[in-house]
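The file start.pdb contains PDB, C-alpha atoms:
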ATOM      1  CA  MET I   1       0.000   0.000   0.000
ATOM      2  CA  LEU I   2       1.284   3.463  -0.895
ATOM      3  CA  ASN I   3       1.980   5.937   1.920
ATOM      4  CA  ILE I   4       0.865   9.581   1.784
ATOM      5  CA  ASN I   5       4.189  10.798   0.351
ATOM      6  CA  GLN I   6       4.054   8.232  -2.414
ATOM      7  CA  ILE I   7       0.436   9.162  -3.173
ATOM      8  CA  ASN I   8       1.329  12.860  -3.408
ATOM      9  CA  LYS I   9       4.336  12.060  -5.597
ATOM     10  CA  LYS I  10       2.138   9.961  -7.878
ATOM     11  CA  ALA I  11      -0.366  12.802  -8.203
ATOM     12  CA  ILE I  12       2.387  15.265  -9.128
ATOM     13  CA  GLU I  13       3.797  12.861 -11.697
ATOM     14  CA  ARG I  14       0.351  12.331 -13.215
ATOM     15  CA  ARG I  15      -0.175  16.098 -13.511
ATOM     16  CA  ALA I  16       3.202  16.430 -15.187
ATOM     17  CA  LEU I  17       2.313  13.671 -17.652
ATOM     18  CA  VAL I  18      -1.033  15.278 -18.483
ATOM     19  CA  ALA I  19       0.550  18.735 -18.864
ATOM     20  CA  ALA I  20       3.307  17.360 -21.083
ATOM     21  CA  GLY I  21       0.729  15.625 -23.269
ATOM     22  CA  GLY I  22      -1.125  18.899 -23.646
ATOM     23  CA  ALA I  23       2.077  20.726 -24.593
ATOM     24  CA  ASN I  24       3.289  18.335 -27.286
ATOM     25  CA  PRO I  25       1.539  15.647 -29.373
ATOM     26  CA  LEU I  26       4.663  13.465 -29.223
ATOM     27  CA  ILE I  27       3.673  12.409 -25.697
ATOM     28  CA  PRO I  28       1.349   9.374 -25.766
ATOM     29  CA  THR I  29      -2.206  10.291 -24.765
ATOM     30  CA  GLY I  30      -5.206   8.260 -23.704
ATOM     31  CA  GLU I  31      -6.512   6.738 -20.493
ATOM     32  CA  ILE I  32      -3.756   6.965 -17.874
ATOM     33  CA  GLN I  33      -3.609   4.117 -15.370
ATOM     34  CA  ASP I  34      -1.417   4.023 -12.275
ATOM     35  CA  PHE I  35       1.221   1.321 -12.456
ATOM     36  CA  GLU I  36       4.520   0.455 -10.799
ATOM     37  CA  LYS I  37       7.764   0.045 -12.743
ATOM     38  CA  PRO I  38       6.946   1.981 -14.876
ATOM     39  CA  ASP I  39       4.834   4.615 -13.110
ATOM     40  CA  PHE I  40       1.944   4.606 -15.583
ATOM     41  CA  LYS I  41       0.501   2.776 -18.526
ATOM     42  CA  ILE I  42      -1.502   4.633 -21.136
ATOM     43  CA  GLU I  43      -4.272   3.094 -23.256
ATOM     44  CA  SER I  44      -3.396   4.976 -26.433
ATOM     45  CA  VAL I  45      -5.041   4.603 -29.826
ATOM     46  CA  THR I  46      -2.125   2.406 -30.926
ATOM     47  CA  GLY I  47      -2.072   0.232 -27.794
ATOM     48  CA  ILE I  48      -0.622   0.273 -24.307
ATOM     49  CA  VAL I  49       2.429   2.443 -23.667
ATOM     50  CA  GLY I  50       4.406   2.347 -20.419
ATOM     51  CA  VAL I  51       5.677   5.669 -19.069
ATOM     52  CA  GLU I  52       8.184   6.209 -16.272
ATOM     53  CA  VAL I  53       8.081   9.761 -14.876
ATOM     54  CA  THR I  54      10.877  11.453 -12.940
ATOM     55  CA  GLU I  55      11.709  14.994 -11.859
ATOM     56  CA  LEU I  56      14.762  16.961 -12.959
ATOM     57  CA  MET I  57      16.001  19.495 -10.421
ATOM     58  CA  PRO I  58      19.002  21.827 -10.415
ATOM     59  CA  ALA I  59      22.135  20.581  -8.713
ATOM     60  CA  PRO I  60      22.721  21.894  -5.165
ATOM     61  CA  THR I  61      24.680  25.149  -5.098
ATOM     62  CA  THR I  62      27.070  23.820  -2.432
ATOM     63  CA  ASP I  63      28.072  20.481  -0.935
ATOM     64  CA  LEU I  64      26.124  21.400   2.197
ATOM     65  CA  PHE I  65      22.733  20.801   0.596
ATOM     66  CA  SER I  66      21.474  17.518  -0.838
ATOM     67  CA  SER I  67      19.012  19.282  -3.159
ATOM     68  CA  PRO I  68      17.471  22.686  -3.934
ATOM     69  CA  LEU I  69      14.585  21.685  -1.647
ATOM     70  CA  ALA I  70      16.995  21.198   1.262
ATOM     71  CA  GLU I  71      18.551  24.586   0.536
ATOM     72  CA  LYS I  72      15.111  26.240   0.393
ATOM     73  CA  SER I  73      14.182  24.673   3.736
ATOM     74  CA  PHE I  74      17.443  25.970   5.243
ATOM     75  CA  HIS I  75      16.695  29.484   4.022
ATOM     76  CA  GLU I  76      13.126  29.424   5.351
ATOM     77  CA  LYS I  77      14.280  28.329   8.793
ATOM     78  CA  LEU I  78      17.054  30.932   8.760
ATOM     79  CA  MET I  79      14.574  33.732   8.064
ATOM     80  CA  ARG I  80      12.277  32.589  10.886
ATOM     81  CA  LEU I  81      15.203  32.504  13.302
ATOM     82  CA  ALA I  82      16.419  35.940  12.192
ATOM     83  CA  GLU I  83      13.009  37.540  12.674
ATOM     84  CA  GLN I  84      12.634  35.915  16.098
ATOM     85  CA  GLU I  85      16.084  37.167  17.102
ATOM     86  CA  TYR I  86      15.260  40.688  15.919
ATOM     87  CA  ASN I  87      11.981  40.707  17.851
ATOM     88  CA  ARG I  88      13.767  39.761  21.090
ATOM     89  CA  THR I  89      15.118  43.297  21.253
ATOM     90  CA  PRO I  90      13.060  45.333  23.759
ATOM     91  CA  GLY I  91      10.880  47.803  21.869
ATOM     92  CA  ALA I  92      11.751  46.315  18.462
ATOM     93  CA  VAL I  93       9.952  48.210  15.701
ATOM     94  CA  PRO I  94       8.149  45.782  13.335
ATOM     95  CA  VAL I  95       9.723  45.884   9.876
ATOM     96  CA  GLY I  96       9.479  43.849   6.718
ATOM     97  CA  VAL I  97      12.600  42.119   5.456
ATOM     98  CA  GLY I  98      13.314  40.317   2.211
ATOM     99  CA  VAL I  99      16.655  38.912   1.111
ATOM    100  CA  PHE I 100      18.394  37.175  -1.725
ATOM    101  CA  PHE I 101      21.175  34.835  -0.736
ATOM    102  CA  TRP I 102      24.740  34.728  -2.004
ATOM    103  CA  LYS I 103      26.951  31.684  -2.252
ATOM    104  CA  THR I 104      29.565  31.482   0.466
ATOM    105  CA  ASP I 105      32.117  28.974   1.691
ATOM    106  CA  THR I 106      30.438  25.779   2.892
ATOM    107  CA  GLY I 107      32.024  26.120   6.314
ATOM    108  CA  LYS I 108      30.346  29.511   6.799
ATOM    109  CA  TYR I 109      26.792  28.170   6.416
ATOM    110  CA  ASP I 110      25.959  28.261  10.129
ATOM    111  CA  ILE I 111      22.272  28.950  10.488
ATOM    112  CA  GLN I 112      22.462  30.504  13.956
ATOM    113  CA  SER I 113      25.287  32.892  13.133
ATOM    114  CA  MET I 114      23.700  33.880   9.793
ATOM    115  CA  ALA I 115      20.356  34.555  11.496
ATOM    116  CA  GLN I 116      22.066  36.603  14.199
ATOM    117  CA  ALA I 117      24.035  38.586  11.619
ATOM    118  CA  LEU I 118      20.886  39.368   9.611
ATOM    119  CA  ALA I 119      18.981  40.469  12.732
ATOM    120  CA  ASP I 120      21.882  42.721  13.752
ATOM    121  CA  PHE I 121      22.070  44.247  10.264
ATOM    122  CA  VAL I 122      18.357  45.033  10.267
ATOM    123  CA  ARG I 123      18.561  46.609  13.740
ATOM    124  CA  SER I 124      21.371  48.916  12.659
ATOM    125  CA  HIS I 125      19.862  49.887   9.304
ATOM    126  CA  ARG I 126      16.085  49.940   9.865
ATOM    127  CA  ASP I 127      15.994  53.742  10.253
ATOM    128  CA  ARG I 128      16.994  54.076   6.599
ATOM    129  CA  ALA I 129      13.783  52.370   5.465
ATOM    130  CA  THR I 130      11.716  55.454   4.519
ATOM    131  CA  PRO I 131       9.672  53.547   3.613
ATOM    132  CA  VAL I 132      11.920  51.008   1.827
ATOM    133  CA  GLU I 133      15.677  50.653   1.504
ATOM    134  CA  THR I 134      17.601  47.998  -0.418
ATOM    135  CA  PHE I 135      21.202  47.095   0.379
ATOM    136  CA  SER I 136      23.427  45.193  -2.049
ATOM    137  CA  ARG I 137      26.677  43.337  -1.496
ATOM    138  CA  HIS I 138      28.897  46.429  -1.785
ATOM    139  CA  ALA I 139      27.101  47.832   1.301
ATOM    140  CA  GLY I 140      28.896  45.366   3.549
ATOM    141  CA  LEU I 141      26.180  42.753   3.949
ATOM    142  CA  PRO I 142      26.626  39.793   6.297
ATOM    143  CA  GLU I 143      28.251  36.691   4.828
ATOM    144  CA  GLY I 144      25.873  34.679   2.647
ATOM    145  CA  PHE I 145      23.542  37.531   1.649
ATOM    146  CA  GLY I 146      23.478  39.204  -1.763
ATOM    147  CA  VAL I 147      20.599  41.668  -1.269
ATOM    148  CA  ILE I 148      18.706  42.778   1.835
ATOM    149  CA  THR I 149      15.561  44.921   1.589
ATOM    150  CA  ILE I 150      14.064  46.543   4.692
ATOM    151  CA  SER I 151      10.554  47.964   4.676
ATOM    152  CA  ALA I 152       9.051  50.220   7.336
ATOM    153  CA  THR I 153       5.835  48.204   7.027
ATOM    154  CA  ARG I 154       5.712  44.510   7.902
ATOM    155  CA  ASP I 155       3.018  43.018   5.678
ATOM    156  CA  ARG I 156       4.361  39.459   5.727
ATOM    157  CA  PRO I 157       6.924  37.364   7.624
ATOM    158  CA  TRP I 158      10.560  37.884   6.729
ATOM    159  CA  TYR I 159      11.307  35.971   3.559
ATOM    160  CA  GLY I 160      14.142  34.872   1.339
ATOM    161  CA  GLY I 161      13.809  34.997  -2.420
ATOM    162  CA  GLU I 162      14.964  31.816  -4.120
ATOM    163  CA  SER I 163      16.986  31.958  -7.309
ATOM    164  CA  VAL I 164      18.918  29.347  -9.230
ATOM    165  CA  SER I 165      21.790  29.995 -11.603
ATOM    166  CA  LEU I 166      22.287  27.165 -14.080
ATOM    167  CA  THR I 167      24.819  26.652 -16.831
ATOM    168  CA  LEU I 168      24.176  24.587 -19.932
ATOM    169  CA  GLU I 169      26.710  22.029 -18.738
ATOM    170  CA  GLN I 170      25.017  21.704 -15.349
ATOM    171  CA  ILE I 171      21.646  21.084 -17.002
ATOM    172  CA  ARG I 172      23.198  18.553 -19.349
ATOM    173  CA  GLN I 173      24.884  16.729 -16.460
ATOM    174  CA  GLN I 174      21.701  16.595 -14.406
ATOM    175  CA  LEU I 175      19.747  15.334 -17.407
ATOM    176  CA  ALA I 176      22.363  12.664 -18.100
ATOM    177  CA  GLU I 177      22.200  11.500 -14.485
ATOM    178  CA  ARG I 178      18.406  11.195 -14.520
ATOM    179  CA  ILE I 179      18.471   9.209 -17.767
ATOM    180  CA  ARG I 180      21.267   6.955 -16.528
ATOM    181  CA  ALA I 181      19.522   6.204 -13.227
ATOM    182  CA  LYS I 182      16.216   5.308 -14.863
ATOM    183  CA  ASN I 183      17.876   3.404 -17.704
ATOM    184  CA  GLU I 184      19.203   0.903 -15.162
ATOM    185  CA  LEU I 185      15.569  -0.161 -14.582
ATOM    186  CA  VAL I 186      14.484  -0.554 -18.198
ATOM    187  CA  SER I 187      14.686  -4.342 -18.073
ATOM    188  CA  ALA I 188      12.250  -4.384 -15.126
ATOM    189  CA  TYR I 189       9.846  -2.076 -16.954
ATOM    190  CA  ARG I 190       9.905  -4.291 -20.041
ATOM    191  CA  ALA I 191       9.383  -7.427 -17.936
ATOM    192  CA  ASN I 192       6.254  -5.874 -16.420
ATOM    193  CA  LEU I 193       4.934  -4.649 -19.779
ATOM    194  CA  PRO I 194       6.376  -7.098 -22.325
ATOM    195  CA  ASN I 195       6.363  -6.167 -26.014
ATOM    196  CA  MET I 196       5.060  -2.684 -25.265
ATOM    197  CA  PRO I 197       6.781   0.665 -25.861
ATOM    198  CA  ILE I 198       8.386   2.125 -22.747
ATOM    199  CA  CYS I 199       8.940   5.886 -22.546
ATOM    200  CA  LEU I 200      10.682   8.090 -20.010
ATOM    201  CA  LEU I 201       9.254  11.517 -19.197
ATOM    202  CA  ILE I 202      11.610  13.813 -17.297
ATOM    203  CA  TYR I 203       9.784  16.871 -15.993
ATOM    204  CA  SER I 204      10.752  20.028 -14.160
ATOM    205  CA  CYS I 205       8.433  21.967 -11.843
ATOM    206  CA  MET I 206       7.294  25.571 -12.031
ATOM    207  CA  GLN I 207       8.957  26.707  -8.790
ATOM    208  CA  VAL I 208      12.066  28.809  -9.340
ATOM    209  CA  SER I 209      13.983  26.953  -6.623
ATOM    210  CA  ARG I 210      13.560  23.593  -8.357
ATOM    211  CA  GLY I 211      12.723  24.469 -11.955
ATOM    212  CA  VAL I 212      14.903  23.839 -15.006
ATOM    213  CA  PRO I 213      14.226  25.833 -18.182
ATOM    214  CA  MET I 214      14.216  24.648 -21.765
ATOM    215  CA  VAL I 215      17.544  25.715 -23.232
ATOM    216  CA  HIS I 216      18.610  26.304 -26.814
ATOM    217  CA  GLY I 217      20.171  23.264 -28.413
ATOM    218  CA  MET I 218      18.701  20.741 -25.976
ATOM    219  CA  ASP I 219      16.991  18.971 -28.872
ATOM    220  CA  GLU I 220      20.451  18.218 -30.309
ATOM    221  CA  TRP I 221      21.907  16.663 -27.147
ATOM    222  CA  THR I 222      22.367  12.895 -27.270
ATOM    223  CA  PHE I 223      22.460  10.386 -24.421
ATOM    224  CA  PRO I 224      22.689   6.593 -24.305
ATOM    225  CA  PHE I 225      19.449   4.899 -23.235
ATOM    226  CA  ASP I 226      17.288   1.866 -23.959
ATOM    227  CA  PHE I 227      13.863   3.474 -23.707
ATOM    228  CA  ASP I 228      11.804   3.739 -26.868
ATOM    229  CA  HIS I 229      11.530   7.471 -26.308
ATOM    230  CA  VAL I 230      12.798   9.980 -23.750
ATOM    231  CA  PHE I 231      11.119  13.372 -23.323
ATOM    232  CA  PHE I 232      11.907  16.440 -21.232
ATOM    233  CA  PHE I 233       9.040  18.697 -20.131
ATOM    234  CA  SER I 234       9.806  22.091 -18.604
ATOM    235  CA  SER I 235       6.882  23.547 -16.655
ATOM    236  CA  LEU I 236       8.687  26.898 -16.640
ATOM    237  CA  ASP I 237       8.352  27.030 -20.440
ATOM    238  CA  SER I 238       5.358  24.691 -20.884
ATOM    239  CA  ALA I 239       7.380  22.971 -23.600
ATOM    240  CA  VAL I 240       8.505  19.438 -24.463
ATOM    241  CA  VAL I 241      11.588  18.235 -26.299
ATOM    242  CA  GLU I 242      12.382  14.676 -27.337
ATOM    243  CA  ILE I 243      15.880  13.638 -26.297
ATOM    244  CA  ARG I 244      18.026  11.988 -28.953
ATOM    245  CA  GLN I 245      19.411   8.522 -28.388
ATOM    246  CA  ALA I 246      23.199   8.083 -28.607
ATOM    247  CA  GLY I 247      23.044   4.284 -28.571
ATOM    248  CA  GLY I 248      21.774   1.590 -26.221
ATOM    249  CA  THR I 249      23.594   0.305 -23.190
ATOM    250  CA  GLY I 250      22.373  -3.236 -23.396
ATOM    251  CA  SER I 251      20.178  -2.985 -20.304
TER     252      SER I 251
END
Target encoding structure tokens, full file:
Amino acid sequence: MLNINQINKKAIERRALVAAGGANPLIPTGEIQDFEKPDFKIESVTGIVGVEVTELMPAPTTDLFSSPLAEKSFHEKLMRLAEQEYNRTPGAVPVGVGVFFWKTDTGKYDIQSMAQALADFVRSHRDRATPVETFSRHAGLPEGFGVITISATRDRPWYGGESVSLTLEQIRQQLAERIRAKNELVSAYRANLPNMPICLLIYSCMQVSRGVPMVHGMDEWTFPFDFDHVFFFSSLDSAVVEIRQAGGTGS
């Protein structure tokens, strides 16, 4: 029996499959049925097609984080701690604070010290928010922060804006890793759905912190795999590209 996390994951994967099918006619369409290894089977007009669905996320920005989701969670907790620390000051004037983070040395990612440093910075600069003041890195920001904005009006909890900087090579490497990992299971998929086409859909979510865009030239990249077809669907662009096969691996 599936647990709640698996059920939620399945629902997200199904939505990605439906959205990809609506974005490009290359994706098999028809009645989608939940399955295991692969994730779904589709009753298409030409017969049953098996589809494995997996998410592509950006690589972590430092070795400290296992994924962009872990980094986002770290930032959210840091902002809560910083606001709590600021509010401990007797007579603290409520202010709004938003930040963008800046990559720093892994050893300097200490959540308590970063939260303390942000709270101290806001205390010493809040009077300049008339009503809003933005400070960039050249203003001597605490380690790990790229932009800090202070508002005289607090209309929401302190927050950190998430941004991801990706190179073409990073996207290519992440895509290659996803294909390689799923390709190791092709034989199991074919055993469960013998003599039926098996496709791999790699999708990327809409959220900035975990999204991967469609990049120019992606349709010319080649990777080794044994699926009948491999597709990449970017929710950020609502677009699908079919990945070219560089040759099977004998899985």
Residues in the PyMOL selection byres ((chain I and resi 28) around 12), expressed as an MDAnalysis selection string: chainID I and resid 17:27 29:32 40:51 197:201 228:231
d(CA of Gln84 (chain I), CA of Gly98 (chain I)) in Å: 14.6 Å
Proximity to Glu36 (chain I) - best of I:Ala188, I:Val241, I:Met214, I:Ile148, all atoms listed in the file: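 Using all atoms listed in the file, the shortest distance to Glu36 (chain I) belongs to I:Ala188.
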Evaluate the PyMOL selection byres ((chain I and resi 54) around 6) and report residues as a list in words: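 Applying the PyMOL selection byres ((chain I and resi 54) around 6) to the structure shown produces Val53, Glu55 and Ile202 of chain I.
As for CA of Ala129 (chain I) and CA of Glu85 (chain I), they are spaced 19.3 Å apart.
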Could you work out an axis-aligned bounding box for all listed atoms of region 93-98 of chain I, with 6 Å added on each of the six sides, and give its centre and edge lengths in Å to one decimal, as AutoDock Vina command-line options?
--center_x 10.7 --center_y 44.3 --center_z 9.0 --size_x 17.2 --size_y 19.9 --size_z 25.5
Around the point (14.6, 35.2, 8.4) in the file's coordinates, collect all residues with an atom within 10 Å, using only C-alpha atoms, and return them as a CSV table (one decimal) with C-alpha atoms, keeping the file's coordinate frame.
chain,number,residue,atom,x,y,z
I,75,HIS,CA,16.7,29.5,4.0
I,76,GLU,CA,13.1,29.4,5.4
I,77,LYS,CA,14.3,28.3,8.8
I,78,LEU,CA,17.1,30.9,8.8
I,79,MET,CA,14.6,33.7,8.1
I,80,ARG,CA,12.3,32.6,10.9
I,81,LEU,CA,15.2,32.5,13.3
I,82,ALA,CA,16.4,35.9,12.2
I,83,GLU,CA,13.0,37.5,12.7
I,84,GLN,CA,12.6,35.9,16.1
I,85,GLU,CA,16.1,37.2,17.1
I,86,TYR,CA,15.3,40.7,15.9
I,97,VAL,CA,12.6,42.1,5.5
I,98,GLY,CA,13.3,40.3,2.2
I,99,VAL,CA,16.7,38.9,1.1
I,114,MET,CA,23.7,33.9,9.8
I,115,ALA,CA,20.4,34.6,11.5
I,116,GLN,CA,22.1,36.6,14.2
I,118,LEU,CA,20.9,39.4,9.6
I,119,ALA,CA,19.0,40.5,12.7
I,157,PRO,CA,6.9,37.4,7.6
I,158,TRP,CA,10.6,37.9,6.7
I,159,TYR,CA,11.3,36.0,3.6
I,160,GLY,CA,14.1,34.9,1.3
